[in-house]
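Enquirer: Let me begin by handing over the structure; questions about it come next.
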Amino acid sequence: MRIAVLSETDPAEPRVAAVPETVKKYKALGAEVTVQSGAGLKAGVPDAEYEAAGASIAPDAKAAAEGADVVLKVRRPAADELPVLKRGAIVVAIMDPYGHEAEVKAMADAGVSAIAMELMPRITRAQVMDVLSSQANLAGYRAVVDGAAVYGRALPMMMTAAGTVPAARIFVMGAGVAGLQAIATARRLGAVVTATDVRPAAKEQVESLGAKFVAVEDEEFKQAETAGGYAKEMSAEYRKKQAELVASHIAKQDIVVTTALIPGRPAPKLVTANMVAAMRPGSVLVDLAVERGGNVEGVKADEIVETENGVKIVGYANVPGRLAATSSSLYARNLYAFVETLVDKAAKALAVKWDDELVKATCLTRDGAVVHPNFQPKAA
């Protein structure tokens with residue numbers, strides 16, 4: 001059983017799919033592990049640390065992937081990486097399949113079995129494999145740190161001999177994993193925190209962290225959650241009422257963090273240009289959904305946009321990658337927890353149960369075909 005860890009080809013991706021801790025665990029399962037030279041450098045892991053953990057180092061992707069049964073990556077393999085993978089290899093990564101049907105088909109044509117970790121079902125046994133949660137958790141933390149860095153004032157209330165510094169007001173939009181961590185971080189830093197979400201269950205979670213909940217709590221609000229625990233798309237009428245409430249609230253805030261994403265859809269627009277214009281000069285918006293089009297009107301990927309009225313809109317892409325060492329460590333553990341379920345411990349060999357609910361939910365391609373029902377080519 002051979003496992004290969006490849007470098008990321010995207011220069012904007014500093015994370016890595018295995019760390020020395022998980023290399024040791026793969027070795028214990030009976031695997032030979034090969035790491036492409038330099039794969040962990042941006043995440044603070046030199047080749048020597050992988051070698052010390054028992055991995056062998058290969059000079060390039062071709063040498064690393066040669067004969068590998070399992071290939072670990074952060075992002076899906078690029079077109080020029082597919083030819084170096086052996087047919088039948090299992091590739092485990094964040095595949096970002098929505099809207100990338102051609103890339104999914106290319107993986108099928110290359111004969112690899114592509115596993116999309118972000119499609120992992122939200123069930124108890126899969127919690128330890130949930131890459132969306134592990135990465136969103138860090139993104140929520142980093143959003144507040146980035147917002148505080150751009151905001152030109154202190155966050156906590158301070159009593160000084162020269163007078164009192166008032167606490168900053170931080171408003172978090174979306175109280176999923178990223179939002180709840182943003183709330184907790186903002187509270188730790190001493191800000192006055194409010195939050196909103198369309199899911200009724202979020203109210204109790206927000207209040208348990210010591211923040212105030214802001215939402216239009218009508219009948220539609222009470223039904224606003226899917227069976228999988230995600231937010232539903234709300235009616236135009238509800239969105240209008242909520243927007244009015246939020247608009248008056250945002251005008252009084254110092255930092256706003258937006259975290260709203262709907263799987264496979266463009267990010268919902270939560271903050272209009274008019275709302276931004278109503279904010280005070282020097283206030284900051286941090287948009288965590290910029291890669292899906294953004295929640296804030298006027299946001300630009302990887303830029304800090306300053307509006308005419310002096311409001312800064314922060315649109316960093318790949319926010320978990322801004323904490324590359326920590327996010328790689330959590331992501332590597334998510335991957336290990338999943339790969340472990342594919343291995344027969346007694347025989348120390350791969351024994352994939354293709355009908356296991358975790359594999360069925362995440363497998364995009366197999367045996368030269370796109371097998372996931374959501375991404376199969378539409379019949380003519």
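Within each chain, counting starts at residue 1; across the structure tokens, chains are named A, B, ... in the order shown, with ligands numbered 1 upward in that order.
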Which residues, written as a list in words, have at least one atom at most 7 Å from stretch 112-120 of chain A, with only C-alpha atoms counted and residues fewer than 5 positions away on the same chain left out?
Expert: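 Contacts, in chain order: Arg87, Gly88, Ala89, Ile90, Val91, Val92, Ala93, Ile94, Met95, Met107, Ala126, Asp130, Val131, Leu132, Leu358, Ala361, Thr362, Cys363, Leu364, Thr365 and Arg366 of chain A.
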Enquirer: What does the file look like for those residues with C-alpha atoms, as a compact mmCIF listing (two decimals), in the first residue's frame?
Expert:
```
# COMPACT_ATOMS: atom_id res chain seq x y z
CA ARG A 87 -5.10 4.40 -13.22
CA GLY A 88 -7.20 3.24 -10.29
CA ALA A 89 -5.39 5.46 -7.77
CA ILE A 90 -7.60 7.02 -5.09
CA VAL A 91 -7.10 10.80 -4.99
CA VAL A 92 -8.29 12.47 -1.77
CA ALA A 93 -8.59 16.28 -1.77
CA ILE A 94 -10.95 19.27 -1.62
CA MET A 95 -12.24 18.90 -5.19
CA MET A 107 -10.23 13.00 -13.53
CA ALA A 126 -17.75 11.57 9.92
CA ASP A 130 -15.19 17.17 8.23
CA VAL A 131 -12.70 19.37 6.34
CA LEU A 132 -15.23 22.19 5.90
CA LEU A 358 -18.93 7.90 3.44
CA ALA A 361 -21.27 10.47 -0.60
CA THR A 362 -17.75 11.68 -1.51
CA CYS A 363 -16.71 9.60 -4.57
CA LEU A 364 -16.88 11.73 -7.73
CA THR A 365 -15.22 9.46 -10.29
CA ARG A 366 -14.41 5.75 -10.53
```
Enquirer: Going by DSSP on the backbone, which residues of stretch 151-318 of chain A come out as strand (DSSP E)? List them as number ranges by chain.
Expert: A: 158-160, 163-165, 169-173, 192-196, 212-213, 255-258, 284-287, 304-306, 312-314
Enquirer: Applying 12 Å and only C-alpha atoms, which residues near A:Ala236 remain after dropping the ones on its own chain fewer than 6 positions away? List them as a compact mmCIF listing (two decimals) with N, CA, C and O atoms, in the first residue's frame.
Expert:
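Listing of around07.txt after writing:
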```txt
# COMPACT_ATOMS: atom_id res chain seq x y z
N GLU A 220 -41.42 32.06 9.02
CA GLU A 220 -40.46 31.54 8.03
C GLU A 220 -39.11 31.27 8.68
O GLU A 220 -38.46 30.27 8.41
N GLN A 242 -35.32 41.33 6.74
CA GLN A 242 -34.05 41.12 7.43
C GLN A 242 -33.04 42.21 7.02
O GLN A 242 -32.30 42.72 7.85
N ALA A 243 -33.03 42.56 5.71
CA ALA A 243 -32.09 43.58 5.22
C ALA A 243 -32.34 44.93 5.89
O ALA A 243 -31.40 45.65 6.22
```
Enquirer: Can you tell me which residues surround A:Gly147 at a distance of at most 8 Å, considering only C-alpha atoms, apart from same-chain residues fewer than 4 positions away, and format the answer as an mmCIF file with N, CA and C atoms, in the first residue's frame?
Expert:
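File written: around-v5.cif
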```cif
data_model
loop_
_atom_site.group_PDB
_atom_site.id
_atom_site.type_symbol
_atom_site.label_atom_id
_atom_site.label_comp_id
_atom_site.auth_asym_id
_atom_site.auth_seq_id
_atom_site.Cartn_x
_atom_site.Cartn_y
_atom_site.Cartn_z
ATOM 1 N N ALA A 143 -10.499 35.731 10.507
ATOM 2 C CA ALA A 143 -11.274 36.884 10.009
ATOM 3 C C ALA A 143 -11.281 38.013 11.032
ATOM 4 N N TYR A 151 -8.521 47.491 11.234
ATOM 5 C CA TYR A 151 -9.252 48.513 11.999
ATOM 6 C C TYR A 151 -8.222 49.317 12.812
ATOM 7 N N ILE A 255 -16.681 46.685 13.086
ATOM 8 C CA ILE A 255 -16.185 45.589 12.229
ATOM 9 C C ILE A 255 -17.350 44.651 11.942
ATOM 10 N N VAL A 257 -18.152 40.909 10.071
ATOM 11 C CA VAL A 257 -17.578 39.692 9.471
ATOM 12 C C VAL A 257 -18.717 38.924 8.808
ATOM 13 N N VAL A 284 -14.645 48.461 9.217
ATOM 14 C CA VAL A 284 -14.061 47.391 8.389
ATOM 15 C C VAL A 284 -15.088 46.290 8.149
ATOM 16 N N LEU A 285 -15.134 45.776 6.913
ATOM 17 C CA LEU A 285 -15.913 44.571 6.614
ATOM 18 C C LEU A 285 -14.944 43.472 6.198
ATOM 19 N N VAL A 286 -15.087 42.275 6.763
ATOM 20 C CA VAL A 286 -14.247 41.128 6.363
ATOM 21 C C VAL A 286 -15.185 40.089 5.744
ATOM 22 N N VAL A 314 -12.349 43.932 3.337
ATOM 23 C CA VAL A 314 -11.238 42.968 3.271
ATOM 24 C C VAL A 314 -11.736 41.696 2.584
#
```
Enquirer: If we count only C-alpha atoms, what is near stretch 23-37 of chain A at a cut-off of 9 Å, once residues fewer than 6 positions away on the same chain are taken out, given as a PyMOL selection string?
Expert: chain A and resi 1-7+46-47+50-51+53-65+68+336+339-340+343-345+347-349
Enquirer: Keeping only C-alpha atoms, take the residues you just selected and write them out as a PDB file, in the first residue's frame.
Expert:
```pdb
ATOM      1  CA  MET A   1       0.000   0.000   0.000  1.00  0.00           C
ATOM      2  CA  ARG A   2       1.660   3.182  -1.213  1.00  0.00           C
ATOM      3  CA  ILE A   3       0.555   6.693  -0.223  1.00  0.00           C
ATOM      4  CA  ALA A   4       1.848   9.801  -2.020  1.00  0.00           C
ATOM      5  CA  VAL A   5       1.680  13.377  -0.694  1.00  0.00           C
ATOM      6  CA  LEU A   6       1.990  15.894  -3.532  1.00  0.00           C
ATOM      7  CA  SER A   7       2.898  19.595  -3.464  1.00  0.00           C
ATOM      8  CA  PRO A  46      10.775  20.777   5.973  1.00  0.00           C
ATOM      9  CA  ASP A  47      11.519  17.523   4.151  1.00  0.00           C
ATOM     10  CA  TYR A  50       8.864  13.962   7.007  1.00  0.00           C
ATOM     11  CA  GLU A  51      11.929  11.741   6.697  1.00  0.00           C
ATOM     12  CA  ALA A  53       8.609  10.419  10.596  1.00  0.00           C
ATOM     13  CA  GLY A  54       9.412   7.581   8.170  1.00  0.00           C
ATOM     14  CA  ALA A  55       8.474   9.017   4.756  1.00  0.00           C
ATOM     15  CA  SER A  56      10.708   8.907   1.703  1.00  0.00           C
ATOM     16  CA  ILE A  57      11.218  12.147  -0.247  1.00  0.00           C
ATOM     17  CA  ALA A  58      10.743  12.240  -4.046  1.00  0.00           C
ATOM     18  CA  PRO A  59      12.187  15.046  -6.200  1.00  0.00           C
ATOM     19  CA  ASP A  60       9.013  15.720  -8.219  1.00  0.00           C
ATOM     20  CA  ALA A  61       5.319  14.796  -8.576  1.00  0.00           C
ATOM     21  CA  LYS A  62       6.040  12.009 -11.085  1.00  0.00           C
ATOM     22  CA  ALA A  63       8.488  10.269  -8.772  1.00  0.00           C
ATOM     23  CA  ALA A  64       6.250  10.791  -5.727  1.00  0.00           C
ATOM     24  CA  ALA A  65       3.075   9.469  -7.398  1.00  0.00           C
ATOM     25  CA  ALA A  68       0.852   5.206  -5.449  1.00  0.00           C
ATOM     26  CA  TYR A 336      -6.100  10.326   7.947  1.00  0.00           C
ATOM     27  CA  VAL A 339      -8.156   6.969   4.720  1.00  0.00           C
ATOM     28  CA  GLU A 340      -8.037   4.752   7.822  1.00  0.00           C
ATOM     29  CA  VAL A 343      -7.685   0.023   5.042  1.00  0.00           C
ATOM     30  CA  ASP A 344      -7.976  -3.593   6.191  1.00  0.00           C
ATOM     31  CA  LYS A 345      -5.987  -3.407   9.457  1.00  0.00           C
ATOM     32  CA  ALA A 347      -4.024  -7.473   5.995  1.00  0.00           C
ATOM     33  CA  LYS A 348      -2.419  -3.976   6.059  1.00  0.00           C
ATOM     34  CA  ALA A 349      -3.852  -3.389   2.586  1.00  0.00           C
TER      35      ALA A 349
END
```
